[in-house]
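Structure below is coords.cif: mmCIF, N, CA and C atoms.
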data_run
loop_
_atom_site.label_atom_id
_atom_site.label_comp_id
_atom_site.auth_asym_id
_atom_site.auth_seq_id
_atom_site.Cartn_x
_atom_site.Cartn_y
_atom_site.Cartn_z
N MET A 5 -19.99 -21.26 -13.27
CA MET A 5 -19.58 -20.56 -14.46
C MET A 5 -20.63 -19.48 -14.75
N SER A 6 -20.20 -18.23 -14.72
CA SER A 6 -21.15 -17.14 -14.93
C SER A 6 -21.21 -16.75 -16.40
N LYS A 7 -22.27 -16.08 -16.75
CA LYS A 7 -22.38 -15.57 -18.11
C LYS A 7 -22.11 -14.08 -18.08
N SER A 8 -21.60 -13.58 -19.19
CA SER A 8 -21.34 -12.15 -19.27
C SER A 8 -22.03 -11.57 -20.50
N VAL A 9 -22.56 -10.39 -20.30
CA VAL A 9 -23.24 -9.67 -21.38
C VAL A 9 -22.20 -8.93 -22.20
N VAL A 10 -22.33 -9.00 -23.50
CA VAL A 10 -21.44 -8.29 -24.42
C VAL A 10 -22.20 -7.09 -24.96
N ARG A 11 -21.57 -5.93 -24.89
CA ARG A 11 -22.19 -4.69 -25.32
C ARG A 11 -21.17 -3.84 -26.05
N THR A 12 -21.58 -3.24 -27.17
CA THR A 12 -20.72 -2.32 -27.91
C THR A 12 -21.55 -1.22 -28.55
N ASP A 13 -20.98 -0.03 -28.62
CA ASP A 13 -21.62 1.08 -29.32
C ASP A 13 -21.42 0.96 -30.83
N GLN A 14 -20.63 -0.02 -31.27
CA GLN A 14 -20.35 -0.21 -32.69
C GLN A 14 -21.41 -1.05 -33.39
N ALA A 15 -22.41 -1.47 -32.65
CA ALA A 15 -23.57 -2.20 -33.19
C ALA A 15 -24.81 -1.54 -32.62
N PRO A 16 -25.95 -1.69 -33.29
CA PRO A 16 -27.17 -1.03 -32.82
C PRO A 16 -27.58 -1.48 -31.42
N THR A 17 -28.11 -0.55 -30.67
CA THR A 17 -28.66 -0.85 -29.36
C THR A 17 -29.95 -1.66 -29.56
N PRO A 18 -30.11 -2.77 -28.85
CA PRO A 18 -31.34 -3.55 -28.98
C PRO A 18 -32.57 -2.72 -28.65
N ILE A 19 -33.64 -2.98 -29.40
CA ILE A 19 -34.88 -2.22 -29.18
C ILE A 19 -35.82 -2.93 -28.21
N ALA A 20 -35.41 -4.07 -27.71
CA ALA A 20 -36.21 -4.83 -26.74
C ALA A 20 -35.27 -5.33 -25.65
N SER A 21 -35.78 -6.16 -24.76
CA SER A 21 -35.01 -6.65 -23.62
C SER A 21 -34.17 -7.86 -23.99
N PHE A 22 -33.07 -7.61 -24.70
CA PHE A 22 -32.10 -8.66 -24.98
C PHE A 22 -30.72 -8.04 -25.14
N SER A 23 -29.70 -8.85 -25.01
CA SER A 23 -28.32 -8.40 -25.12
C SER A 23 -27.83 -8.53 -26.56
N GLN A 24 -26.86 -7.70 -26.92
CA GLN A 24 -26.24 -7.83 -28.24
C GLN A 24 -25.51 -9.17 -28.34
N GLY A 25 -24.97 -9.60 -27.22
CA GLY A 25 -24.29 -10.88 -27.17
C GLY A 25 -24.19 -11.37 -25.73
N VAL A 26 -24.02 -12.67 -25.59
CA VAL A 26 -23.85 -13.28 -24.27
C VAL A 26 -22.77 -14.34 -24.38
N ALA A 27 -21.81 -14.29 -23.45
CA ALA A 27 -20.73 -15.27 -23.41
C ALA A 27 -20.86 -16.13 -22.16
N LYS A 28 -20.62 -17.43 -22.35
CA LYS A 28 -20.61 -18.35 -21.22
C LYS A 28 -19.95 -19.65 -21.66
N GLY A 29 -19.12 -20.17 -20.79
CA GLY A 29 -18.53 -21.49 -21.03
C GLY A 29 -17.75 -21.61 -22.34
N GLY A 30 -17.05 -20.57 -22.70
CA GLY A 30 -16.25 -20.63 -23.92
C GLY A 30 -17.03 -20.39 -25.20
N LEU A 31 -18.30 -20.00 -25.08
CA LEU A 31 -19.13 -19.70 -26.25
C LEU A 31 -19.61 -18.26 -26.19
N LEU A 32 -19.79 -17.67 -27.36
CA LEU A 32 -20.37 -16.35 -27.49
C LEU A 32 -21.52 -16.43 -28.48
N GLN A 33 -22.71 -16.10 -28.02
CA GLN A 33 -23.88 -16.03 -28.90
C GLN A 33 -24.13 -14.57 -29.22
N VAL A 34 -24.04 -14.24 -30.51
CA VAL A 34 -24.37 -12.89 -30.96
C VAL A 34 -25.85 -12.88 -31.34
N ALA A 35 -26.59 -11.98 -30.74
CA ALA A 35 -28.02 -11.86 -31.05
C ALA A 35 -28.19 -11.44 -32.51
N GLY A 36 -29.37 -11.74 -33.04
CA GLY A 36 -29.66 -11.36 -34.41
C GLY A 36 -29.44 -9.88 -34.64
N GLN A 37 -28.64 -9.58 -35.64
CA GLN A 37 -28.35 -8.20 -36.02
C GLN A 37 -29.04 -7.91 -37.35
N VAL A 38 -29.39 -6.65 -37.53
CA VAL A 38 -30.03 -6.21 -38.77
C VAL A 38 -29.21 -5.07 -39.36
N GLY A 39 -29.66 -4.57 -40.49
CA GLY A 39 -28.91 -3.55 -41.22
C GLY A 39 -29.13 -2.13 -40.71
N PHE A 40 -29.16 -1.94 -39.41
CA PHE A 40 -29.25 -0.60 -38.82
C PHE A 40 -27.84 -0.01 -38.74
N ASP A 41 -27.73 1.24 -39.08
CA ASP A 41 -26.51 2.00 -38.82
C ASP A 41 -26.47 2.25 -37.32
N PRO A 42 -25.41 1.84 -36.62
CA PRO A 42 -25.38 2.00 -35.17
C PRO A 42 -25.45 3.46 -34.72
N ALA A 43 -24.99 4.38 -35.56
CA ALA A 43 -24.99 5.79 -35.18
C ALA A 43 -26.38 6.41 -35.25
N THR A 44 -27.24 5.88 -36.13
CA THR A 44 -28.54 6.50 -36.34
C THR A 44 -29.72 5.61 -35.97
N SER A 45 -29.48 4.32 -35.81
CA SER A 45 -30.54 3.32 -35.58
C SER A 45 -31.58 3.33 -36.69
N VAL A 46 -31.12 3.62 -37.90
CA VAL A 46 -31.97 3.63 -39.08
C VAL A 46 -31.43 2.59 -40.06
N PRO A 47 -32.30 1.85 -40.74
CA PRO A 47 -31.80 0.88 -41.71
C PRO A 47 -31.02 1.55 -42.84
N VAL A 48 -29.95 0.90 -43.25
CA VAL A 48 -29.22 1.35 -44.44
C VAL A 48 -29.95 0.80 -45.65
N GLY A 49 -29.55 1.25 -46.80
CA GLY A 49 -30.17 0.66 -47.99
C GLY A 49 -30.94 1.69 -48.77
N PRO A 50 -31.92 1.26 -49.45
CA PRO A 50 -32.89 0.21 -49.17
C PRO A 50 -32.55 -1.15 -49.74
N GLY A 51 -31.42 -1.29 -50.42
CA GLY A 51 -31.10 -2.54 -51.08
C GLY A 51 -30.64 -3.64 -50.14
N LEU A 52 -30.81 -4.86 -50.60
CA LEU A 52 -30.40 -6.03 -49.83
C LEU A 52 -28.90 -6.02 -49.58
N ARG A 53 -28.10 -5.72 -50.60
CA ARG A 53 -26.64 -5.77 -50.44
C ARG A 53 -26.16 -4.83 -49.34
N GLU A 54 -26.69 -3.61 -49.32
CA GLU A 54 -26.30 -2.67 -48.28
C GLU A 54 -26.67 -3.20 -46.90
N GLN A 55 -27.86 -3.80 -46.80
CA GLN A 55 -28.30 -4.34 -45.51
C GLN A 55 -27.46 -5.54 -45.09
N ILE A 56 -27.09 -6.40 -46.02
CA ILE A 56 -26.24 -7.55 -45.68
C ILE A 56 -24.90 -7.06 -45.15
N ASP A 57 -24.27 -6.14 -45.88
CA ASP A 57 -22.95 -5.64 -45.46
C ASP A 57 -23.01 -4.99 -44.09
N GLN A 58 -24.03 -4.16 -43.83
CA GLN A 58 -24.14 -3.51 -42.53
C GLN A 58 -24.44 -4.53 -41.44
N THR A 59 -25.28 -5.49 -41.74
CA THR A 59 -25.61 -6.53 -40.77
C THR A 59 -24.36 -7.31 -40.38
N LEU A 60 -23.55 -7.68 -41.36
CA LEU A 60 -22.32 -8.41 -41.06
C LEU A 60 -21.33 -7.54 -40.29
N ARG A 61 -21.27 -6.25 -40.57
CA ARG A 61 -20.42 -5.35 -39.77
C ARG A 61 -20.91 -5.31 -38.33
N ASN A 62 -22.23 -5.29 -38.15
CA ASN A 62 -22.77 -5.27 -36.78
C ASN A 62 -22.46 -6.56 -36.04
N VAL A 63 -22.61 -7.70 -36.71
CA VAL A 63 -22.25 -8.99 -36.09
C VAL A 63 -20.77 -8.96 -35.72
N GLU A 64 -19.94 -8.52 -36.63
CA GLU A 64 -18.50 -8.47 -36.37
C GLU A 64 -18.17 -7.59 -35.16
N SER A 65 -18.85 -6.47 -35.03
CA SER A 65 -18.61 -5.58 -33.88
C SER A 65 -18.90 -6.26 -32.56
N VAL A 66 -19.98 -7.03 -32.52
CA VAL A 66 -20.32 -7.75 -31.29
C VAL A 66 -19.32 -8.88 -31.05
N LEU A 67 -18.92 -9.57 -32.10
CA LEU A 67 -17.89 -10.61 -31.96
C LEU A 67 -16.62 -10.04 -31.35
N VAL A 68 -16.16 -8.93 -31.89
CA VAL A 68 -14.92 -8.31 -31.39
C VAL A 68 -15.09 -7.86 -29.95
N ALA A 69 -16.22 -7.25 -29.63
CA ALA A 69 -16.47 -6.81 -28.25
C ALA A 69 -16.48 -7.99 -27.28
N GLY A 70 -16.85 -9.16 -27.78
CA GLY A 70 -16.86 -10.37 -26.96
C GLY A 70 -15.57 -11.16 -26.99
N GLY A 71 -14.54 -10.62 -27.64
CA GLY A 71 -13.24 -11.28 -27.66
C GLY A 71 -13.10 -12.35 -28.73
N SER A 72 -13.96 -12.31 -29.74
CA SER A 72 -13.90 -13.29 -30.83
C SER A 72 -13.75 -12.57 -32.16
N GLY A 73 -13.79 -13.34 -33.21
CA GLY A 73 -13.75 -12.81 -34.57
C GLY A 73 -14.35 -13.84 -35.50
N TRP A 74 -14.34 -13.53 -36.79
CA TRP A 74 -14.93 -14.46 -37.77
C TRP A 74 -14.29 -15.84 -37.73
N ALA A 75 -13.00 -15.92 -37.47
CA ALA A 75 -12.32 -17.22 -37.43
C ALA A 75 -12.83 -18.10 -36.29
N ASP A 76 -13.48 -17.49 -35.30
CA ASP A 76 -13.99 -18.22 -34.15
C ASP A 76 -15.46 -18.63 -34.30
N VAL A 77 -16.10 -18.17 -35.37
CA VAL A 77 -17.53 -18.44 -35.56
C VAL A 77 -17.73 -19.87 -36.06
N ILE A 78 -18.61 -20.60 -35.39
CA ILE A 78 -18.88 -21.98 -35.79
C ILE A 78 -20.23 -22.13 -36.47
N MET A 79 -21.13 -21.14 -36.26
CA MET A 79 -22.47 -21.24 -36.85
C MET A 79 -23.01 -19.84 -37.12
N VAL A 80 -23.60 -19.69 -38.30
CA VAL A 80 -24.29 -18.45 -38.67
C VAL A 80 -25.70 -18.82 -39.08
N ARG A 81 -26.66 -18.04 -38.61
CA ARG A 81 -28.05 -18.21 -39.05
C ARG A 81 -28.47 -16.93 -39.75
N VAL A 82 -28.99 -17.10 -40.96
CA VAL A 82 -29.44 -15.97 -41.77
C VAL A 82 -30.95 -16.07 -41.91
N TYR A 83 -31.61 -14.94 -41.69
CA TYR A 83 -33.05 -14.85 -41.80
C TYR A 83 -33.37 -13.88 -42.93
N LEU A 84 -33.95 -14.39 -44.00
CA LEU A 84 -34.30 -13.57 -45.17
C LEU A 84 -35.81 -13.41 -45.26
N THR A 85 -36.24 -12.29 -45.82
CA THR A 85 -37.68 -12.05 -45.96
C THR A 85 -38.24 -12.55 -47.28
N ASP A 86 -37.36 -12.89 -48.24
CA ASP A 86 -37.84 -13.23 -49.58
C ASP A 86 -36.94 -14.30 -50.19
N THR A 87 -37.51 -15.39 -50.64
CA THR A 87 -36.72 -16.46 -51.26
C THR A 87 -36.02 -15.97 -52.52
N ALA A 88 -36.54 -14.95 -53.16
CA ALA A 88 -35.90 -14.41 -54.36
C ALA A 88 -34.55 -13.74 -54.05
N HIS A 89 -34.27 -13.49 -52.78
CA HIS A 89 -33.02 -12.84 -52.38
C HIS A 89 -31.88 -13.84 -52.12
N PHE A 90 -32.16 -15.13 -52.24
CA PHE A 90 -31.17 -16.14 -51.85
C PHE A 90 -29.87 -16.03 -52.67
N ALA A 91 -29.95 -15.87 -53.97
CA ALA A 91 -28.75 -15.78 -54.81
C ALA A 91 -27.93 -14.54 -54.47
N GLU A 92 -28.60 -13.41 -54.27
CA GLU A 92 -27.89 -12.18 -53.91
C GLU A 92 -27.25 -12.30 -52.54
N LEU A 93 -27.95 -12.94 -51.60
CA LEU A 93 -27.37 -13.20 -50.29
C LEU A 93 -26.10 -14.02 -50.44
N ASN A 94 -26.17 -15.11 -51.18
CA ASN A 94 -25.00 -15.97 -51.34
C ASN A 94 -23.82 -15.23 -51.94
N ALA A 95 -24.06 -14.39 -52.93
CA ALA A 95 -22.97 -13.64 -53.56
C ALA A 95 -22.32 -12.69 -52.56
N ALA A 96 -23.13 -11.96 -51.80
CA ALA A 96 -22.60 -11.03 -50.81
C ALA A 96 -21.88 -11.77 -49.69
N TYR A 97 -22.48 -12.86 -49.24
CA TYR A 97 -21.92 -13.67 -48.16
C TYR A 97 -20.58 -14.26 -48.59
N ASP A 98 -20.52 -14.81 -49.79
CA ASP A 98 -19.27 -15.39 -50.30
C ASP A 98 -18.18 -14.34 -50.38
N GLU A 99 -18.52 -13.15 -50.86
CA GLU A 99 -17.54 -12.07 -50.96
C GLU A 99 -17.05 -11.64 -49.58
N TRP A 100 -17.97 -11.50 -48.64
CA TRP A 100 -17.61 -11.09 -47.28
C TRP A 100 -16.64 -12.11 -46.66
N PHE A 101 -17.00 -13.39 -46.73
CA PHE A 101 -16.18 -14.40 -46.06
C PHE A 101 -14.87 -14.68 -46.80
N ALA A 102 -14.82 -14.44 -48.10
CA ALA A 102 -13.54 -14.56 -48.82
C ALA A 102 -12.53 -13.54 -48.28
N LYS A 103 -13.02 -12.36 -47.87
CA LYS A 103 -12.14 -11.35 -47.28
C LYS A 103 -11.89 -11.62 -45.80
N ALA A 104 -12.94 -11.99 -45.07
CA ALA A 104 -12.82 -12.19 -43.62
C ALA A 104 -12.02 -13.44 -43.28
N LEU A 105 -12.16 -14.48 -44.10
CA LEU A 105 -11.48 -15.76 -43.86
C LEU A 105 -10.82 -16.25 -45.15
N PRO A 106 -9.75 -15.58 -45.59
CA PRO A 106 -9.15 -15.92 -46.89
C PRO A 106 -8.62 -17.35 -46.96
N GLU A 107 -8.37 -17.96 -45.83
CA GLU A 107 -7.87 -19.34 -45.81
C GLU A 107 -9.02 -20.36 -45.83
N GLY A 108 -10.24 -19.89 -45.84
CA GLY A 108 -11.39 -20.80 -45.80
C GLY A 108 -11.80 -21.09 -44.37
N GLY A 109 -12.35 -22.27 -44.15
CA GLY A 109 -12.81 -22.63 -42.82
C GLY A 109 -14.07 -21.88 -42.43
N TYR A 110 -14.98 -21.74 -43.39
CA TYR A 110 -16.21 -20.99 -43.16
C TYR A 110 -17.08 -21.67 -42.12
N PRO A 111 -17.86 -20.86 -41.38
CA PRO A 111 -18.77 -21.45 -40.40
C PRO A 111 -19.91 -22.20 -41.07
N ALA A 112 -20.54 -23.07 -40.32
CA ALA A 112 -21.78 -23.69 -40.78
C ALA A 112 -22.82 -22.59 -40.91
N ARG A 113 -23.83 -22.82 -41.76
CA ARG A 113 -24.85 -21.79 -41.96
C ARG A 113 -26.21 -22.41 -42.22
N THR A 114 -27.22 -21.77 -41.67
CA THR A 114 -28.61 -22.10 -41.96
C THR A 114 -29.28 -20.81 -42.45
N THR A 115 -30.12 -20.93 -43.47
CA THR A 115 -30.88 -19.78 -43.96
C THR A 115 -32.36 -20.13 -43.90
N VAL A 116 -33.13 -19.25 -43.28
CA VAL A 116 -34.57 -19.46 -43.19
C VAL A 116 -35.28 -18.20 -43.66
N TYR A 117 -36.55 -18.35 -43.98
CA TYR A 117 -37.35 -17.24 -44.48
C TYR A 117 -38.36 -16.84 -43.43
N VAL A 118 -38.39 -15.53 -43.13
CA VAL A 118 -39.18 -15.02 -42.02
C VAL A 118 -39.80 -13.67 -42.39
N GLY A 119 -40.66 -13.21 -41.52
CA GLY A 119 -41.14 -11.84 -41.59
C GLY A 119 -40.28 -10.99 -40.67
N LEU A 120 -39.87 -9.83 -41.13
CA LEU A 120 -39.12 -8.87 -40.32
C LEU A 120 -39.86 -7.54 -40.34
N PRO A 121 -39.54 -6.65 -39.40
CA PRO A 121 -40.19 -5.34 -39.42
C PRO A 121 -40.02 -4.63 -40.76
N ALA A 122 -40.94 -3.75 -41.07
CA ALA A 122 -40.95 -3.04 -42.34
C ALA A 122 -39.59 -2.43 -42.67
N GLY A 123 -39.14 -2.64 -43.90
CA GLY A 123 -37.88 -2.07 -44.37
C GLY A 123 -36.68 -2.95 -44.16
N LEU A 124 -36.79 -3.97 -43.31
CA LEU A 124 -35.66 -4.86 -43.05
C LEU A 124 -35.79 -6.10 -43.93
N LEU A 125 -34.68 -6.47 -44.56
CA LEU A 125 -34.66 -7.59 -45.50
C LEU A 125 -33.89 -8.80 -45.00
N VAL A 126 -33.02 -8.59 -44.00
CA VAL A 126 -32.15 -9.67 -43.54
C VAL A 126 -31.81 -9.47 -42.06
N GLU A 127 -31.65 -10.57 -41.36
CA GLU A 127 -31.15 -10.59 -39.99
C GLU A 127 -30.17 -11.75 -39.90
N ILE A 128 -29.08 -11.55 -39.13
CA ILE A 128 -28.04 -12.57 -39.02
C ILE A 128 -27.60 -12.68 -37.57
N ASP A 129 -27.48 -13.91 -37.06
CA ASP A 129 -26.87 -14.12 -35.75
C ASP A 129 -25.70 -15.08 -35.90
N ALA A 130 -24.91 -15.20 -34.86
CA ALA A 130 -23.72 -16.06 -34.94
C ALA A 130 -23.40 -16.67 -33.59
N LEU A 131 -22.82 -17.85 -33.63
CA LEU A 131 -22.33 -18.55 -32.46
C LEU A 131 -20.83 -18.75 -32.64
N ALA A 132 -20.05 -18.30 -31.65
CA ALA A 132 -18.60 -18.38 -31.76
C ALA A 132 -18.00 -18.97 -30.48
N VAL A 133 -16.78 -19.44 -30.60
CA VAL A 133 -16.01 -19.85 -29.43
C VAL A 133 -15.20 -18.65 -28.97
N THR A 134 -14.86 -18.64 -27.69
CA THR A 134 -14.06 -17.55 -27.13
C THR A 134 -12.82 -18.12 -26.48
N GLY A 135 -11.91 -17.21 -26.16
CA GLY A 135 -10.74 -17.61 -25.40
C GLY A 135 -9.69 -18.11 -26.27
#
As structure tokens, how would this structure be written, given the file I've shared?
Amino acid sequence: MSKSVVRTDQAPTPIASFSQGVAKGGLLQVAGQVGFDPATSVPVGPGLREQIDQTLRNVESVLVAGGSGWADVIMVRVYLTDTAHFAELNAAYDEWFAKALPEGGYPARTTVYVGLPAGLLVEIDALAVTG
């Protein structure tokens, strides 16, 4: 069973040696995405909400390029730089998934607090099923 690299121009080009996504054995792992505008490779914002929305659009672009969508996502990991952002993250996340998955069935989620490069407030990755 071979693995395949998922690549799309609709999400930012990785700045290091990793793929936007990798599919193997019926699974698609989307690499951590941040709030970069794919056209400019510059962070949107500076607010958290703008970065969350762009980050989720970037994750979605890789999901679609890999033949999946939000309904196929089984796990989301969110990396925040500040614990004070947790409530705002939840509000934005709830709004996004209410639109993306109106019937419910939200993926599992873990949120951790990390350091990110200057100007970035959030990073999100996802694990989905394919096929």
Report as a VMD selection string the residues that result from applying the PyMOL selection byres (((chain A and resi 42 and name CA) around 8) and name CA) to the structure here. chain A and resid 13 to 17 40 to 41 43 to 46 62
What's around Arg11 in chain A at 6 Å? Count all atoms listed in the file, leave out sequence neighbours fewer than 4 positions away in its own chain, and write the answer as a ChimeraX atom specification. /A:24-25,69
Which residues of range 62-93 of chain A sit at most 7 Å from range 103-122 of chain A, using all atoms listed in the file? Give each one's shortest atom pair and distance in Å (one decimal place), in chain and ascending residue order, as CSV.
residue,atom,partner,partner_atom,distance
A:Trp74,CA,A:Ala104,C,6.3
A:Ala75,N,A:Ala104,C,6.4
A:Val77,C,A:Pro111,CA,4.7
A:Ile78,C,A:Ala112,N,4.0
A:Met79,CA,A:Ala112,C,4.3
A:Val80,N,A:Ala112,C,4.0
A:Arg81,CA,A:Thr114,C,4.5
A:Val82,N,A:Thr114,C,4.0
A:Tyr83,CA,A:Val116,C,4.4
A:Leu84,C,A:Val118,N,4.0
A:Thr85,CA,A:Val118,C,4.5
A:Asp86,N,A:Tyr117,CA,5.7
A:Thr87,N,A:Tyr117,CA,6.4
Output as a VMD selection string all residues of chain A that backbone DSSP marks as alpha helix (DSSP H). chain A and resid 52 to 69 90 to 104
Carefully work through the PyMOL selection byres (((chain A and resi 10 and name CA) around 9) and name CA) for this structure and note down the residues it includes, as a PyMOL selection string. chain A and resi 8-9+11-12+23-27+32+34+66-67+69-70
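Between atom N of Leu131 in chain A and atom N of Asp76 in chain A the separation is 9.5 Å.
Straight-line separation from atom C of Gly49 in chain A to atom N of Val126 in chain A: 11.5 Å.
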Could you state the separation of atom C of Phe22 in chain A and atom C of Arg53 in chain A in Å, given to one decimal place?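 It comes out at 24.8 Å.
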Near Lys28 in chain A, within 7 Å and counting only N, CA and C atoms, which residues show up once chain neighbours fewer than 6 positions away are dropped, as a PyMOL selection string? chain A and resi 5-8
Could you pull out the residues in chain A that DSSP calls strand (DSSP E) from the backbone, as a PyMOL selection string? chain A and resi 8-10+25-28+31-38+40-41+46-47+77-84+112-117+126-133
Export, as a CSV table (one decimal), in the coordinates of the input, the selected residues with N, CA and C atoms.
chain,number,residue,atom,x,y,z
A,8,SER,N,-21.6,-13.6,-19.2
A,8,SER,CA,-21.3,-12.2,-19.3
A,8,SER,C,-22.0,-11.6,-20.5
A,9,VAL,N,-22.6,-10.4,-20.3
A,9,VAL,CA,-23.2,-9.7,-21.4
A,9,VAL,C,-22.2,-8.9,-22.2
A,10,VAL,N,-22.3,-9.0,-23.5
A,10,VAL,CA,-21.4,-8.3,-24.4
A,10,VAL,C,-22.2,-7.1,-25.0
A,25,GLY,N,-25.0,-9.6,-27.2
A,25,GLY,CA,-24.3,-10.9,-27.2
A,25,GLY,C,-24.2,-11.4,-25.7
A,26,VAL,N,-24.0,-12.7,-25.6
A,26,VAL,CA,-23.8,-13.3,-24.3
A,26,VAL,C,-22.8,-14.3,-24.4
A,27,ALA,N,-21.8,-14.3,-23.4
A,27,ALA,CA,-20.7,-15.3,-23.4
A,27,ALA,C,-20.9,-16.1,-22.2
A,28,LYS,N,-20.6,-17.4,-22.4
A,28,LYS,CA,-20.6,-18.4,-21.2
A,28,LYS,C,-20.0,-19.6,-21.7
A,31,LEU,N,-18.3,-20.0,-25.1
A,31,LEU,CA,-19.1,-19.7,-26.2
A,31,LEU,C,-19.6,-18.3,-26.2
A,32,LEU,N,-19.8,-17.7,-27.4
A,32,LEU,CA,-20.4,-16.4,-27.5
A,32,LEU,C,-21.5,-16.4,-28.5
A,33,GLN,N,-22.7,-16.1,-28.0
A,33,GLN,CA,-23.9,-16.0,-28.9
A,33,GLN,C,-24.1,-14.6,-29.2
A,34,VAL,N,-24.0,-14.2,-30.5
A,34,VAL,CA,-24.4,-12.9,-31.0
A,34,VAL,C,-25.8,-12.9,-31.3
A,35,ALA,N,-26.6,-12.0,-30.7
A,35,ALA,CA,-28.0,-11.9,-31.0
A,35,ALA,C,-28.2,-11.4,-32.5
A,36,GLY,N,-29.4,-11.7,-33.0
A,36,GLY,CA,-29.7,-11.4,-34.4
A,36,GLY,C,-29.4,-9.9,-34.6
A,37,GLN,N,-28.6,-9.6,-35.6
A,37,GLN,CA,-28.4,-8.2,-36.0
A,37,GLN,C,-29.0,-7.9,-37.4
A,38,VAL,N,-29.4,-6.6,-37.5
A,38,VAL,CA,-30.0,-6.2,-38.8
A,38,VAL,C,-29.2,-5.1,-39.4
A,40,PHE,N,-29.2,-1.9,-39.4
A,40,PHE,CA,-29.2,-0.6,-38.8
A,40,PHE,C,-27.8,0.0,-38.7
A,41,ASP,N,-27.7,1.2,-39.1
A,41,ASP,CA,-26.5,2.0,-38.8
A,41,ASP,C,-26.5,2.2,-37.3
A,46,VAL,N,-31.1,3.6,-37.9
A,46,VAL,CA,-32.0,3.6,-39.1
A,46,VAL,C,-31.4,2.6,-40.1
A,47,PRO,N,-32.3,1.8,-40.7
A,47,PRO,CA,-31.8,0.9,-41.7
A,47,PRO,C,-31.0,1.6,-42.8
A,77,VAL,N,-16.1,-18.2,-35.4
A,77,VAL,CA,-17.5,-18.4,-35.6
A,77,VAL,C,-17.7,-19.9,-36.1
A,78,ILE,N,-18.6,-20.6,-35.4
A,78,ILE,CA,-18.9,-22.0,-35.8
A,78,ILE,C,-20.2,-22.1,-36.5
A,79,MET,N,-21.1,-21.1,-36.3
A,79,MET,CA,-22.5,-21.2,-36.8
A,79,MET,C,-23.0,-19.8,-37.1
A,80,VAL,N,-23.6,-19.7,-38.3
A,80,VAL,CA,-24.3,-18.4,-38.7
A,80,VAL,C,-25.7,-18.8,-39.1
A,81,ARG,N,-26.7,-18.0,-38.6
A,81,ARG,CA,-28.0,-18.2,-39.0
A,81,ARG,C,-28.5,-16.9,-39.8
A,82,VAL,N,-29.0,-17.1,-41.0
A,82,VAL,CA,-29.4,-16.0,-41.8
A,82,VAL,C,-31.0,-16.1,-41.9
A,83,TYR,N,-31.6,-14.9,-41.7
A,83,TYR,CA,-33.0,-14.8,-41.8
A,83,TYR,C,-33.4,-13.9,-42.9
A,84,LEU,N,-34.0,-14.4,-44.0
A,84,LEU,CA,-34.3,-13.6,-45.2
A,84,LEU,C,-35.8,-13.4,-45.3
A,112,ALA,N,-20.5,-23.1,-40.3
A,112,ALA,CA,-21.8,-23.7,-40.8
A,112,ALA,C,-22.8,-22.6,-40.9
A,113,ARG,N,-23.8,-22.8,-41.8
A,113,ARG,CA,-24.8,-21.8,-42.0
A,113,ARG,C,-26.2,-22.4,-42.2
A,114,THR,N,-27.2,-21.8,-41.7
A,114,THR,CA,-28.6,-22.1,-42.0
A,114,THR,C,-29.3,-20.8,-42.4
A,115,THR,N,-30.1,-20.9,-43.5
A,115,THR,CA,-30.9,-19.8,-44.0
A,115,THR,C,-32.4,-20.1,-43.9
A,116,VAL,N,-33.1,-19.2,-43.3
A,116,VAL,CA,-34.6,-19.5,-43.2
A,116,VAL,C,-35.3,-18.2,-43.7
A,117,TYR,N,-36.6,-18.4,-44.0
A,117,TYR,CA,-37.4,-17.2,-44.5
A,117,TYR,C,-38.4,-16.8,-43.4
A,126,VAL,N,-33.0,-8.6,-44.0
A,126,VAL,CA,-32.2,-9.7,-43.5
A,126,VAL,C,-31.8,-9.5,-42.1
A,127,GLU,N,-31.6,-10.6,-41.4
A,127,GLU,CA,-31.2,-10.6,-40.0
A,127,GLU,C,-30.2,-11.8,-39.9
A,128,ILE,N,-29.1,-11.6,-39.1
A,128,ILE,CA,-28.0,-12.6,-39.0
A,128,ILE,C,-27.6,-12.7,-37.6
A,129,ASP,N,-27.5,-13.9,-37.1
A,129,ASP,CA,-26.9,-14.1,-35.8
A,129,ASP,C,-25.7,-15.1,-35.9
A,130,ALA,N,-24.9,-15.2,-34.9
A,130,ALA,CA,-23.7,-16.1,-34.9
A,130,ALA,C,-23.4,-16.7,-33.6
A,131,LEU,N,-22.8,-17.8,-33.6
A,131,LEU,CA,-22.3,-18.6,-32.5
A,131,LEU,C,-20.8,-18.8,-32.6
A,132,ALA,N,-20.0,-18.3,-31.6
A,132,ALA,CA,-18.6,-18.4,-31.8
A,132,ALA,C,-18.0,-19.0,-30.5
A,133,VAL,N,-16.8,-19.4,-30.6
A,133,VAL,CA,-16.0,-19.8,-29.4
A,133,VAL,C,-15.2,-18.6,-29.0
Written as a PyMOL selection string, which residues does the PyMOL selection byres ((chain A and resi 30) around 8) give for the file shown? chain A and resi 27-29+31-33+132-135
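The closest residue to Leu124 in chain A, picked from A:Ile19, A:Val68, A:Val38, A:Leu93 and counting all atoms listed in the file, is A:Val38.
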List the spatial neighbours of Gly39 in chain A as a PyMOL selection string - criterion: any atom at most 7 Å away, only C-alpha atoms, same-chain residues fewer than 6 positions off excluded. chain A and resi 47-48+55-56+58-59
Of the listed residues A:Val63, A:Leu125, A:Ala95, A:Ala88, that which approaches Gly36 in chain A most closely, counting only C-alpha atoms: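 So, comparing all the options, the nearest one is A:Val63.
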